[in-house]
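Dropping structure05.cif in here (mmCIF, C-alpha atoms):
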```
data_query
loop_
_atom_site.label_atom_id
_atom_site.label_comp_id
_atom_site.auth_asym_id
_atom_site.auth_seq_id
_atom_site.Cartn_x
_atom_site.Cartn_y
_atom_site.Cartn_z
CA MET I 16 17.64 20.05 -8.33
CA LYS I 17 20.67 17.96 -9.27
CA ILE I 18 20.20 14.21 -9.07
CA SER I 19 22.23 11.23 -10.15
CA LEU I 20 20.90 7.77 -10.71
CA SER I 21 21.65 4.65 -12.67
CA ILE I 22 19.25 3.59 -15.41
CA ASN I 23 19.91 0.14 -16.84
CA GLY I 24 23.50 0.39 -15.64
CA THR I 25 24.17 3.79 -17.21
CA SER I 26 24.78 6.75 -14.89
CA TYR I 27 22.68 9.85 -15.39
CA ASP I 28 23.53 13.17 -13.75
CA THR I 29 20.78 15.63 -14.45
CA ASP I 30 19.12 18.76 -13.15
CA VAL I 31 15.36 18.33 -12.73
CA GLU I 32 12.38 20.18 -11.33
CA PRO I 33 11.29 18.45 -8.10
CA ARG I 34 7.84 17.91 -9.59
CA LEU I 35 9.18 15.82 -12.49
CA LEU I 36 7.77 12.30 -12.34
CA LEU I 37 10.17 9.39 -12.76
CA VAL I 38 8.26 8.15 -15.81
CA HIS I 39 8.81 11.50 -17.52
CA LEU I 40 12.51 11.43 -16.63
CA LEU I 41 12.78 7.99 -18.21
CA ARG I 42 10.86 8.87 -21.36
CA ASP I 43 11.69 12.53 -21.97
CA VAL I 44 15.15 12.98 -20.43
CA ALA I 45 16.69 9.52 -20.90
CA GLY I 46 14.71 8.85 -24.10
CA LEU I 47 13.65 5.40 -22.89
CA THR I 48 10.10 5.27 -24.23
CA GLY I 49 9.61 1.56 -23.56
CA THR I 50 8.09 2.50 -20.21
CA HIS I 51 4.52 3.44 -21.07
CA ILE I 52 2.14 5.92 -19.49
CA GLY I 53 -1.36 4.52 -19.08
CA CYS I 54 -3.78 5.65 -16.42
CA GLU I 55 -1.47 8.09 -14.59
CA THR I 56 -3.26 7.20 -11.36
CA SER I 57 -1.08 4.27 -10.19
CA ILE I 58 -3.68 1.67 -11.11
CA CYS I 59 -2.86 0.27 -14.58
CA GLY I 60 0.81 -0.68 -14.11
CA ALA I 61 1.92 0.23 -17.67
CA CYS I 62 4.70 2.39 -16.18
CA THR I 63 6.12 -0.36 -13.92
CA VAL I 64 9.92 -0.31 -13.54
CA MET I 65 12.34 -1.67 -10.94
CA ILE I 66 13.77 0.72 -8.37
CA ASN I 67 16.60 -0.91 -6.42
CA GLY I 68 15.27 -4.32 -7.43
CA LYS I 69 11.64 -3.72 -6.40
CA THR I 70 8.78 -3.04 -8.78
CA ALA I 71 7.25 0.42 -8.70
CA LYS I 72 4.78 2.46 -10.74
CA SER I 73 6.98 5.21 -12.11
CA CYS I 74 4.04 7.59 -12.67
CA CYS I 75 3.68 7.73 -8.89
CA VAL I 76 7.33 8.37 -8.02
CA LEU I 77 9.12 11.71 -8.23
CA ALA I 78 12.42 11.63 -10.11
CA VAL I 79 14.05 13.23 -7.04
CA GLN I 80 12.90 10.25 -4.94
CA ALA I 81 15.01 8.06 -7.23
CA ASP I 82 18.16 10.13 -6.59
CA GLY I 83 20.94 7.59 -5.98
CA ALA I 84 18.80 4.63 -7.02
CA GLU I 85 19.32 1.90 -9.57
CA VAL I 86 16.43 1.88 -12.00
CA THR I 87 15.77 -0.90 -14.48
CA THR I 88 13.35 -0.46 -17.37
CA ILE I 89 12.24 -2.81 -20.13
CA GLU I 90 15.20 -1.58 -22.23
CA GLY I 91 17.53 -3.06 -19.60
CA MET I 92 16.16 -6.59 -19.84
CA ALA I 93 17.70 -7.98 -23.03
CA GLN I 94 21.44 -8.63 -22.79
CA ASP I 95 23.78 -8.76 -25.80
CA GLY I 96 20.89 -8.93 -28.24
CA GLN I 97 19.35 -11.89 -26.39
CA LEU I 98 15.84 -11.45 -25.05
CA HIS I 99 15.44 -11.91 -21.30
CA PRO I 100 13.69 -15.24 -20.54
CA VAL I 101 10.53 -13.38 -19.48
CA GLN I 102 10.50 -11.42 -22.76
CA GLU I 103 11.06 -14.64 -24.67
CA ALA I 104 8.18 -16.27 -22.79
CA PHE I 105 5.77 -13.47 -23.73
CA TRP I 106 6.87 -13.96 -27.36
CA GLU I 107 6.57 -17.76 -27.30
CA LYS I 108 3.24 -17.87 -25.47
CA HIS I 109 1.82 -14.82 -27.23
CA GLY I 110 1.21 -13.06 -23.93
CA LEU I 111 0.08 -9.86 -25.61
CA GLN I 112 -2.04 -8.40 -28.34
CA CYS I 113 -1.65 -4.64 -28.68
CA GLY I 114 1.44 -4.66 -26.46
CA TYR I 115 0.73 -1.47 -24.54
CA CYS I 116 0.76 -3.15 -21.12
CA THR I 117 3.62 -5.50 -22.01
CA PRO I 118 6.70 -3.58 -20.79
CA GLY I 119 5.09 -2.97 -17.39
CA MET I 120 3.71 -6.50 -17.30
CA ILE I 121 7.17 -7.99 -17.95
CA MET I 122 8.74 -5.88 -15.18
CA ALA I 123 5.98 -6.95 -12.77
CA VAL I 124 6.51 -10.60 -13.72
CA CYS I 125 10.25 -10.26 -13.05
CA GLY I 126 9.44 -8.91 -9.60
CA LEU I 127 6.94 -11.70 -8.95
CA LEU I 128 9.35 -14.48 -9.98
CA LYS I 129 12.14 -12.97 -7.90
CA ASP I 130 9.95 -13.25 -4.76
CA ASN I 131 8.34 -16.53 -5.75
CA PRO I 132 10.18 -18.63 -8.39
CA ASN I 133 7.40 -21.26 -8.58
CA PRO I 134 4.07 -19.47 -8.37
CA THR I 135 0.73 -21.27 -8.65
CA ASP I 136 -1.85 -19.98 -11.16
CA ASP I 137 -3.59 -18.19 -8.31
CA GLN I 138 -0.36 -16.58 -7.13
CA ILE I 139 0.42 -15.48 -10.69
CA ARG I 140 -2.98 -13.84 -11.09
CA HIS I 141 -2.61 -12.07 -7.74
CA GLY I 142 1.02 -11.21 -8.50
CA ILE I 143 0.07 -9.25 -11.62
CA GLU I 144 -3.06 -7.65 -10.18
CA GLY I 145 -1.38 -4.26 -10.43
CA ASN I 146 -1.11 -4.54 -14.22
CA LEU I 147 -4.16 -4.21 -16.42
CA CYS I 148 -4.36 -5.80 -19.86
CA ARG I 149 -7.43 -4.94 -21.92
CA CYS I 150 -6.70 -7.35 -24.81
CA THR I 151 -5.71 -10.83 -23.75
CA GLY I 152 -8.04 -11.78 -20.92
CA TYR I 153 -4.77 -12.65 -19.14
CA GLN I 154 -4.79 -16.36 -20.07
CA ASN I 155 -1.73 -16.22 -22.31
CA ILE I 156 0.00 -13.91 -19.88
CA VAL I 157 -0.41 -16.52 -17.15
CA GLU I 158 0.97 -19.12 -19.59
CA ALA I 159 3.92 -16.83 -20.30
CA VAL I 160 4.63 -16.42 -16.59
CA LYS I 161 4.68 -20.20 -16.13
CA TYR I 162 7.00 -20.56 -19.12
CA SER I 163 9.21 -17.79 -17.72
CA ALA I 164 9.43 -19.58 -14.38
CA GLU I 165 10.53 -22.81 -16.10
CA LYS I 166 13.14 -20.95 -18.17
CA LEU I 167 14.53 -19.04 -15.20
CA ASN I 168 14.62 -22.11 -12.95
CA ALA I 169 16.42 -24.09 -15.68
CA GLN I 170 19.13 -21.38 -15.78
CA LYS I 171 19.92 -21.80 -12.09
CA MET Z 6 -0.96 15.00 -15.03
CA ILE Z 7 1.85 17.11 -13.66
CA PRO Z 8 1.99 18.52 -10.13
CA ALA Z 9 2.34 22.25 -9.54
CA ASN Z 10 5.91 23.21 -8.74
CA PHE Z 11 7.23 23.00 -5.20
CA GLU Z 12 10.46 23.23 -3.28
CA TYR Z 13 11.82 19.82 -2.23
CA PHE Z 14 13.80 18.78 0.83
CA ALA Z 15 15.06 15.30 1.69
CA PRO Z 16 16.21 15.44 5.34
CA LYS Z 17 18.24 12.55 6.76
CA THR Z 18 17.03 12.85 10.37
CA ILE Z 19 13.70 13.39 12.11
CA GLU Z 20 15.06 16.49 13.86
CA GLU Z 21 15.97 18.04 10.53
CA ALA Z 22 12.53 17.18 9.11
CA LEU Z 23 10.76 18.72 12.11
CA GLN Z 24 12.84 21.87 11.80
CA LEU Z 25 11.89 22.19 8.12
CA LEU Z 26 8.25 21.61 9.01
CA GLU Z 27 8.35 24.30 11.68
CA GLN Z 28 9.99 26.69 9.27
CA HIS Z 29 7.50 26.18 6.42
CA GLY Z 30 4.37 25.49 8.44
CA GLU Z 31 1.06 25.07 6.61
CA ASP Z 32 2.77 25.47 3.23
CA ALA Z 33 4.62 22.15 3.64
CA LYS Z 34 3.49 18.57 3.02
CA ILE Z 35 5.24 15.41 4.19
CA LEU Z 36 6.15 12.82 1.55
CA SER Z 37 7.00 9.26 2.51
CA GLY Z 38 6.35 6.56 -0.12
CA GLY Z 39 4.30 9.02 -2.15
CA HIS Z 40 1.36 6.75 -2.89
CA SER Z 41 -1.13 9.03 -1.18
CA LEU Z 42 0.48 12.44 -1.70
CA ILE Z 43 1.69 12.18 -5.30
CA PRO Z 44 -1.76 11.33 -6.74
CA VAL Z 45 -3.15 14.29 -4.78
CA LEU Z 46 -0.40 16.57 -6.17
CA LYS Z 47 -0.98 15.32 -9.71
CA LEU Z 48 -4.70 16.01 -9.48
CA ARG Z 49 -3.77 19.38 -7.92
CA LEU Z 50 -6.09 18.71 -5.04
CA ALA Z 51 -3.16 20.07 -3.07
CA SER Z 52 -0.41 22.41 -4.23
CA PRO Z 53 2.00 22.80 -1.32
CA GLY Z 54 4.91 25.20 -1.74
CA VAL Z 55 7.23 22.78 0.01
CA VAL Z 56 7.47 18.97 0.03
CA ILE Z 57 9.54 17.38 2.80
CA ASP Z 58 10.53 13.85 1.81
CA ILE Z 59 11.03 11.76 4.98
CA GLY Z 60 11.63 8.62 2.88
CA ARG Z 61 15.39 8.76 3.49
CA ILE Z 62 15.14 8.76 7.29
CA ALA Z 63 16.35 5.25 8.03
CA GLU Z 64 15.29 5.17 11.70
CA LEU Z 65 11.62 5.50 10.66
CA LYS Z 66 11.74 2.13 8.89
CA ALA Z 67 12.31 -0.17 11.87
CA ILE Z 68 9.87 -2.96 12.73
CA LYS Z 69 10.49 -4.17 16.30
CA VAL Z 70 8.79 -6.87 18.33
CA ASP Z 71 9.95 -7.16 21.91
CA GLY Z 72 8.38 -8.01 25.24
CA SER Z 73 4.72 -7.13 25.03
CA THR Z 74 5.03 -4.37 22.42
CA ILE Z 75 5.17 -4.16 18.65
CA SER Z 76 6.62 -1.01 17.12
CA ILE Z 77 6.36 -0.20 13.44
CA GLY Z 78 8.23 2.74 11.99
CA ALA Z 79 6.06 5.09 9.96
CA ASN Z 80 8.19 4.52 6.85
CA ALA Z 81 7.75 0.73 6.88
CA THR Z 82 6.20 -0.23 3.55
CA HIS Z 83 3.14 -2.41 3.26
CA ALA Z 84 5.34 -5.05 1.57
CA GLU Z 85 7.84 -5.01 4.45
CA ILE Z 86 5.03 -5.46 6.97
CA ALA Z 87 3.41 -8.23 4.89
CA ALA Z 88 6.70 -10.15 4.73
CA ASN Z 89 7.88 -9.66 8.33
CA ALA Z 90 8.27 -13.05 10.05
CA ASP Z 91 7.93 -11.65 13.61
CA LEU Z 92 4.68 -9.93 12.73
CA LYS Z 93 3.33 -13.09 11.10
CA THR Z 94 3.88 -14.84 14.44
CA HIS Z 95 2.97 -12.16 16.96
CA CYS Z 96 0.38 -10.11 15.08
CA PRO Z 97 -0.70 -11.83 11.86
CA LEU Z 98 -3.54 -9.31 11.45
CA LEU Z 99 -0.96 -6.67 10.46
CA ALA Z 100 0.79 -8.87 7.90
CA GLU Z 101 -2.52 -10.11 6.52
CA THR Z 102 -3.94 -6.60 6.13
CA ALA Z 103 -0.73 -5.31 4.51
CA ALA Z 104 -0.84 -8.12 1.95
CA GLN Z 105 -4.34 -7.05 0.86
CA ILE Z 106 -3.47 -3.41 0.13
CA GLY Z 107 -3.47 -2.32 -3.51
CA ASP Z 108 -1.06 -4.41 -5.55
CA GLN Z 109 2.60 -5.43 -5.27
CA GLN Z 110 3.98 -2.24 -6.80
CA VAL Z 111 1.88 -0.09 -4.46
CA ARG Z 112 2.89 -2.23 -1.45
CA ASN Z 113 6.57 -1.83 -2.39
CA ARG Z 114 6.35 1.97 -2.06
CA GLY Z 115 3.37 2.88 0.14
CA THR Z 116 3.98 3.25 3.88
CA ILE Z 117 1.82 2.64 6.93
CA GLY Z 118 2.48 6.11 8.34
CA GLY Z 119 1.56 7.81 5.09
CA SER Z 120 -1.58 5.79 4.60
CA LEU Z 121 -2.81 6.42 8.16
CA THR Z 122 -2.12 10.16 8.04
CA HIS Z 123 -3.92 10.44 4.69
CA ALA Z 124 -7.03 8.91 6.37
CA ASP Z 125 -8.68 7.75 3.18
CA PRO Z 126 -12.06 6.37 4.28
CA ALA Z 127 -11.60 3.33 2.02
CA ALA Z 128 -8.02 2.52 3.11
CA ASP Z 129 -7.33 -0.89 4.64
CA TRP Z 130 -5.02 0.02 7.53
CA PRO Z 131 -7.60 1.88 9.65
CA ALA Z 132 -9.68 -1.29 10.19
CA ALA Z 133 -6.69 -3.26 11.50
CA ILE Z 134 -5.24 -0.38 13.52
CA LEU Z 135 -8.60 0.13 15.24
CA ALA Z 136 -9.08 -3.60 15.89
CA LEU Z 137 -5.60 -3.75 17.44
CA ASP Z 138 -6.25 -0.66 19.58
CA ALA Z 139 -2.96 0.79 18.32
CA GLU Z 140 -1.34 4.05 19.34
CA ILE Z 141 0.05 6.40 16.74
CA VAL Z 142 3.12 8.40 17.78
CA ALA Z 143 3.34 11.93 16.34
CA ARG Z 144 6.29 14.27 16.81
CA SER Z 145 6.60 18.01 16.36
CA SER Z 146 9.42 20.34 17.28
CA GLN Z 147 7.45 20.95 20.50
CA GLY Z 148 7.51 17.32 21.59
CA THR Z 149 5.96 13.88 21.15
CA ARG Z 150 2.40 12.72 21.71
CA THR Z 151 0.61 9.42 21.28
CA ILE Z 152 -2.85 9.26 19.77
CA LYS Z 153 -5.14 6.29 20.30
CA ALA Z 154 -6.42 4.73 17.10
CA ALA Z 155 -10.00 5.41 18.20
CA ASP Z 156 -9.19 9.16 18.35
CA PHE Z 157 -7.04 9.25 15.22
CA PHE Z 158 -9.55 9.31 12.37
CA LEU Z 159 -11.58 12.51 12.56
CA ASP Z 160 -13.42 12.73 9.25
CA LEU Z 161 -13.10 12.13 5.50
CA MET Z 162 -9.35 12.40 4.69
CA THR Z 163 -8.77 14.02 8.07
CA SER Z 164 -6.59 12.51 10.77
CA ALA Z 165 -5.62 13.94 14.14
CA VAL Z 166 -2.10 14.73 12.89
CA GLU Z 167 -1.48 18.49 13.15
CA SER Z 168 0.27 20.43 10.40
CA ASP Z 169 3.46 20.72 12.50
CA GLU Z 170 3.56 16.99 13.29
CA ILE Z 171 5.08 13.92 11.64
CA VAL Z 172 3.85 10.41 12.41
CA THR Z 173 6.94 8.45 13.44
CA GLU Z 174 5.71 5.15 14.81
CA ILE Z 175 2.72 2.86 15.34
CA ARG Z 176 2.68 1.00 18.65
CA ILE Z 177 0.60 -2.06 19.35
CA ALA Z 178 0.29 -4.22 22.45
CA LYS Z 179 0.88 -7.83 21.36
CA PRO Z 180 -2.52 -9.51 21.04
CA GLU Z 181 -3.09 -12.24 23.64
CA GLN Z 182 -4.31 -14.66 20.98
CA PRO Z 183 -2.57 -13.48 17.81
CA ALA Z 184 -4.03 -16.13 15.51
CA ALA Z 185 -7.65 -15.30 16.38
CA ALA Z 186 -7.75 -12.47 13.86
CA VAL Z 187 -8.71 -11.78 10.29
CA TYR Z 188 -9.08 -8.92 7.81
CA LEU Z 189 -11.70 -9.39 5.12
CA LYS Z 190 -12.56 -6.90 2.42
CA VAL Z 191 -14.59 -6.30 -0.70
CA PRO Z 192 -12.06 -4.65 -3.00
CA GLN Z 193 -13.17 -2.05 -5.51
CA SER Z 194 -12.22 -3.96 -8.62
CA ALA Z 195 -10.13 -1.26 -10.34
CA SER Z 196 -8.32 0.42 -7.46
CA GLY Z 197 -8.33 -2.34 -4.86
CA PHE Z 198 -9.54 0.11 -2.22
CA ALA Z 199 -12.03 -1.34 0.28
CA VAL Z 200 -15.70 -0.95 -0.55
CA ILE Z 201 -15.95 -2.57 2.89
CA GLY Z 202 -13.17 -3.92 5.07
CA VAL Z 203 -13.63 -5.57 8.45
CA ALA Z 204 -10.79 -6.47 10.82
CA ALA Z 205 -11.49 -8.65 13.83
CA GLN Z 206 -9.18 -9.54 16.72
CA LEU Z 207 -10.69 -11.93 19.27
CA LYS Z 208 -9.76 -13.76 22.42
CA VAL Z 209 -11.62 -17.05 22.68
CA THR Z 210 -11.38 -19.64 25.46
CA ASN Z 211 -13.23 -22.94 25.13
CA GLY Z 212 -15.51 -21.46 22.48
CA LYS Z 213 -16.41 -18.47 24.64
CA CYS Z 214 -15.54 -14.95 23.51
CA GLU Z 215 -13.52 -13.16 26.20
CA ALA Z 216 -12.55 -10.12 24.16
CA ALA Z 217 -13.43 -8.77 20.73
CA SER Z 218 -12.36 -5.73 18.81
CA ILE Z 219 -13.71 -5.01 15.37
CA GLY Z 220 -12.61 -2.24 13.00
CA VAL Z 221 -14.69 -1.24 9.99
CA THR Z 222 -13.41 0.74 6.99
CA GLY Z 223 -15.11 1.78 3.76
CA LEU Z 224 -18.58 2.32 5.19
CA ALA Z 225 -18.50 5.75 6.83
CA PRO Z 226 -16.48 8.93 6.16
CA LYS Z 227 -14.11 7.71 8.87
CA ALA Z 228 -13.19 4.19 9.94
CA PHE Z 229 -14.63 3.17 13.31
CA ARG Z 230 -14.72 0.50 16.03
CA ALA Z 231 -17.92 -1.56 15.82
CA SER Z 232 -18.48 -1.30 19.58
CA SER Z 233 -22.02 -2.67 19.41
CA VAL Z 234 -20.79 -5.87 17.75
CA GLU Z 235 -17.99 -6.16 20.30
CA ALA Z 236 -20.37 -5.72 23.27
CA ALA Z 237 -22.74 -8.31 21.83
CA LEU Z 238 -19.94 -10.88 21.44
CA VAL Z 239 -18.09 -10.63 24.74
CA GLY Z 240 -19.15 -13.29 27.22
CA LYS Z 241 -21.03 -15.28 24.58
CA THR Z 242 -20.35 -18.74 23.25
CA LEU Z 243 -19.44 -18.11 19.61
CA ASP Z 244 -22.15 -20.14 17.91
CA GLU Z 245 -23.79 -19.04 14.70
CA ALA Z 246 -26.82 -17.52 16.45
CA ALA Z 247 -24.64 -15.32 18.68
CA ILE Z 248 -22.45 -14.21 15.78
CA ASN Z 249 -25.50 -13.46 13.62
CA ALA Z 250 -27.09 -11.35 16.32
CA ALA Z 251 -23.86 -9.43 16.99
CA SER Z 252 -22.85 -8.82 13.38
CA ALA Z 253 -26.30 -7.39 12.59
CA LYS Z 254 -25.06 -4.33 14.53
CA ALA Z 255 -21.97 -3.79 12.36
CA ASP Z 256 -23.25 -0.51 10.95
CA ALA Z 257 -24.73 0.81 14.22
CA GLU Z 258 -21.88 3.29 14.80
CA ALA Z 259 -22.06 4.63 11.23
CA ASP Z 260 -24.24 7.76 11.24
CA ASP Z 261 -23.56 8.31 7.56
CA ALA Z 262 -22.80 5.69 4.93
CA MET Z 263 -20.71 6.64 1.89
CA GLU Z 264 -22.30 6.25 -1.53
CA ASP Z 265 -20.70 6.05 -4.96
CA ILE Z 266 -21.05 4.23 -8.27
CA HIS Z 267 -19.60 1.07 -6.72
CA ALA Z 268 -22.03 0.72 -3.82
CA SER Z 269 -25.01 2.56 -2.39
CA GLY Z 270 -25.10 3.44 1.30
CA ASP Z 271 -27.62 0.70 2.02
CA TYR Z 272 -25.53 -1.88 0.18
CA ARG Z 273 -22.43 -0.81 2.12
CA ARG Z 274 -24.34 -1.26 5.38
CA HIS Z 275 -25.43 -4.71 4.22
CA LEU Z 276 -21.85 -5.62 3.28
CA ALA Z 277 -20.60 -4.41 6.67
CA ARG Z 278 -23.01 -6.79 8.45
CA VAL Z 279 -22.17 -9.73 6.16
CA PHE Z 280 -18.42 -9.18 6.40
CA ALA Z 281 -18.52 -8.64 10.16
CA LYS Z 282 -20.18 -12.04 10.44
CA ARG Z 283 -17.65 -13.69 8.14
CA ALA Z 284 -14.74 -12.01 9.91
CA VAL Z 285 -15.87 -13.11 13.37
CA LEU Z 286 -16.54 -16.66 12.14
CA ALA Z 287 -13.12 -16.84 10.48
CA ALA Z 288 -11.26 -15.35 13.46
CA ALA Z 289 -13.08 -17.68 15.88
CA ALA Z 290 -12.21 -20.67 13.70
CA LYS Z 291 -8.51 -19.74 13.95
CA ALA Z 292 -8.60 -19.29 17.74
#
```
Write out the structure in this file as structure tokens.
Amino acid sequence: MKISLSINGTSYDTDVEPRLLLVHLLRDVAGLTGTHIGCETSICGACTVMINGKTAKSCCVLAVQADGAEVTTIEGMAQDGQLHPVQEAFWEKHGLQCGYCTPGMIMAVCGLLKDNPNPTDDQIRHGIEGNLCRCTGYQNIVEAVKYSAEKLNAQK
Amino acid sequence: MIPANFEYFAPKTIEEALQLLEQHGEDAKILSGGHSLIPVLKLRLASPGVVIDIGRIAELKAIKVDGSTISIGANATHAEIAANADLKTHCPLLAETAAQIGDQQVRNRGTIGGSLTHADPAADWPAAILALDAEIVARSSQGTRTIKAADFFLDLMTSAVESDEIVTEIRIAKPEQPAAAVYLKVPQSASGFAVIGVAAQLKVTNGKCEAASIGVTGLAPKAFRASSVEAALVGKTLDEAAINAASAKADAEADDAMEDIHASGDYRRHLARVFAKRAVLAAAAKA
């Protein structure tokens, strides 16, 4: 089936099997391997991307469902060689260890801060409940989210 | 995990979707947000020849509150219901339940119609839908019928929706005392599904319970109304003794209790009683 969608601002016209999952389109067709595959059961959040500005687990979305959509992946976050403020925050606050969950975590944090620019610690922890990290114990991730919020609010 | 191959249609209208469904019959499955069906396809628990994606039918997304009725389109996502200002005012139980489903990503995609039709025994919606005595509207090419929530859940993963029908709408009579409601759950810590979930909608005047409806999910193979608890509450002054006595009957309607590595049947029954008590106390406190 022919579909066309925008990924990080670039148009893709491609012919896919209806059963192709969006995460496989991103990784195998578009070559954007920053979006990771973790649990494959829509629990771990490693595959989180934005579809039309809303976070989604791309292992649980068919590529054909994204026909006509604007998809943003971790590769679309940095602009002109400058890290996005949320990426910078994860760097500064060391919000990762192995890094496997990080692309999905950063996309989820962008979604959270879009809905709620000044989240409390509790709201942060609930806001990222769809993203599992097995290394950090989340503490530095929460610190990174707070730092991201400050950075983003300062830009306004 | 890759689904078996299927033919895919994305109709723009309900009529077109119903026509496709009539044409392909038992071989077709309806896709809305995909957060129930796609995991099933990936695990190959189902391998339909045809998938009909109703996600692009705009008219199925509407959330309307007017007069005495609330209407929620089957394609409304959990996130849209959680954030809807009218629902927060006129039926906070819906918004509160939606906000407790899964996680943000799941709520952004999953729909109320899809979740109800899937009839997962640990889903959150059934408890609230039962407590609100909702009606589910199902359409086929033969016509439209409404199914009462109490008749909707038939068994494990089995709802009353026939293979030629599509759920289009959920209708709810505005609660008389919207605030006197709560949904409380014990989430399974990995998936967020309800080990137990109890929804309570009350009507309380001067401390006396005039009406009570309680929905329980997670305990039995199908969600149910805790009629024994309701009967024991109505007409009573809602003091702790009355609530204790009533909530002790929270598992009375459950002939079978589900068991898994997260909770034994006995523990689920215990949780149902404890959470029924907490739910009634919390709803009464908000009345």
* Selected residue, from I:Asp130, I:Glu85, I:Asp137, I:Glu90, that lies nearest to chain Z when counting only C-alpha atoms -> I:Asp130
* **Residues matched by the PyMOL selection byres ((chain I) within 10 of (chain Z)) as number ranges by chain** => I: 16, 32-36, 39, 54-60, 63-66, 69-77, 79-80, 123, 126-127, 141-147
* Any idea what's packed within 10 Å of region 92-97 of chain Z, counting all atoms listed in the file, ignoring anything in its chain fewer than 3 positions away? Could you give it as a ChimeraX atom specification? -> /Z:68-71,73-75,77,86-89,100-103,137,177-188,206
Take the selection from the previous step and output its residues with C-alpha atoms, as a PDB file, keeping the file's coordinate frame.
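Dumped to selection15.pdb:
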```pdb
ATOM      1  CA  ILE Z  68       9.870  -2.960  12.730  1.00  0.00           C
ATOM      2  CA  LYS Z  69      10.490  -4.170  16.300  1.00  0.00           C
ATOM      3  CA  VAL Z  70       8.790  -6.870  18.330  1.00  0.00           C
ATOM      4  CA  ASP Z  71       9.950  -7.160  21.910  1.00  0.00           C
ATOM      5  CA  SER Z  73       4.720  -7.130  25.030  1.00  0.00           C
ATOM      6  CA  THR Z  74       5.030  -4.370  22.420  1.00  0.00           C
ATOM      7  CA  ILE Z  75       5.170  -4.160  18.650  1.00  0.00           C
ATOM      8  CA  ILE Z  77       6.360  -0.200  13.440  1.00  0.00           C
ATOM      9  CA  ILE Z  86       5.030  -5.460   6.970  1.00  0.00           C
ATOM     10  CA  ALA Z  87       3.410  -8.230   4.890  1.00  0.00           C
ATOM     11  CA  ALA Z  88       6.700 -10.150   4.730  1.00  0.00           C
ATOM     12  CA  ASN Z  89       7.880  -9.660   8.330  1.00  0.00           C
ATOM     13  CA  ALA Z 100       0.790  -8.870   7.900  1.00  0.00           C
ATOM     14  CA  GLU Z 101      -2.520 -10.110   6.520  1.00  0.00           C
ATOM     15  CA  THR Z 102      -3.940  -6.600   6.130  1.00  0.00           C
ATOM     16  CA  ALA Z 103      -0.730  -5.310   4.510  1.00  0.00           C
ATOM     17  CA  LEU Z 137      -5.600  -3.750  17.440  1.00  0.00           C
ATOM     18  CA  ILE Z 177       0.600  -2.060  19.350  1.00  0.00           C
ATOM     19  CA  ALA Z 178       0.290  -4.220  22.450  1.00  0.00           C
ATOM     20  CA  LYS Z 179       0.880  -7.830  21.360  1.00  0.00           C
ATOM     21  CA  PRO Z 180      -2.520  -9.510  21.040  1.00  0.00           C
ATOM     22  CA  GLU Z 181      -3.090 -12.240  23.640  1.00  0.00           C
ATOM     23  CA  GLN Z 182      -4.310 -14.660  20.980  1.00  0.00           C
ATOM     24  CA  PRO Z 183      -2.570 -13.480  17.810  1.00  0.00           C
ATOM     25  CA  ALA Z 184      -4.030 -16.130  15.510  1.00  0.00           C
ATOM     26  CA  ALA Z 185      -7.650 -15.300  16.380  1.00  0.00           C
ATOM     27  CA  ALA Z 186      -7.750 -12.470  13.860  1.00  0.00           C
ATOM     28  CA  VAL Z 187      -8.710 -11.780  10.290  1.00  0.00           C
ATOM     29  CA  TYR Z 188      -9.080  -8.920   7.810  1.00  0.00           C
ATOM     30  CA  GLN Z 206      -9.180  -9.540  16.720  1.00  0.00           C
TER      31      GLN Z 206
END
```
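Shortest atom-to-atom contact with Val200 (chain Z) among Z:Arg274, Z:Lys17, Z:Arg176, Z:Arg144: Z:Arg274, counting only C-alpha atoms.
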Residue by residue, what does the PyMOL selection byres ((chain Z and resi 150) around 12) grab here? Present the result as a PDB file with C-alpha atoms, in the frame of the given file.
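What follows is the written file result_0.pdb:
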```pdb
ATOM      1  CA  GLU Z 140      -1.340   4.050  19.340  1.00  0.00           C
ATOM      2  CA  ILE Z 141       0.050   6.400  16.740  1.00  0.00           C
ATOM      3  CA  VAL Z 142       3.120   8.400  17.780  1.00  0.00           C
ATOM      4  CA  ALA Z 143       3.340  11.930  16.340  1.00  0.00           C
ATOM      5  CA  ARG Z 144       6.290  14.270  16.810  1.00  0.00           C
ATOM      6  CA  SER Z 145       6.600  18.010  16.360  1.00  0.00           C
ATOM      7  CA  SER Z 146       9.420  20.340  17.280  1.00  0.00           C
ATOM      8  CA  GLN Z 147       7.450  20.950  20.500  1.00  0.00           C
ATOM      9  CA  GLY Z 148       7.510  17.320  21.590  1.00  0.00           C
ATOM     10  CA  THR Z 149       5.960  13.880  21.150  1.00  0.00           C
ATOM     11  CA  THR Z 151       0.610   9.420  21.280  1.00  0.00           C
ATOM     12  CA  ILE Z 152      -2.850   9.260  19.770  1.00  0.00           C
ATOM     13  CA  LYS Z 153      -5.140   6.290  20.300  1.00  0.00           C
ATOM     14  CA  PHE Z 157      -7.040   9.250  15.220  1.00  0.00           C
ATOM     15  CA  ALA Z 165      -5.620  13.940  14.140  1.00  0.00           C
ATOM     16  CA  VAL Z 166      -2.100  14.730  12.890  1.00  0.00           C
ATOM     17  CA  GLU Z 167      -1.480  18.490  13.150  1.00  0.00           C
ATOM     18  CA  GLU Z 170       3.560  16.990  13.290  1.00  0.00           C
ATOM     19  CA  ILE Z 171       5.080  13.920  11.640  1.00  0.00           C
ATOM     20  CA  VAL Z 172       3.850  10.410  12.410  1.00  0.00           C
ATOM     21  CA  THR Z 173       6.940   8.450  13.440  1.00  0.00           C
ATOM     22  CA  GLU Z 174       5.710   5.150  14.810  1.00  0.00           C
ATOM     23  CA  ILE Z 175       2.720   2.860  15.340  1.00  0.00           C
TER      24      ILE Z 175
END
```
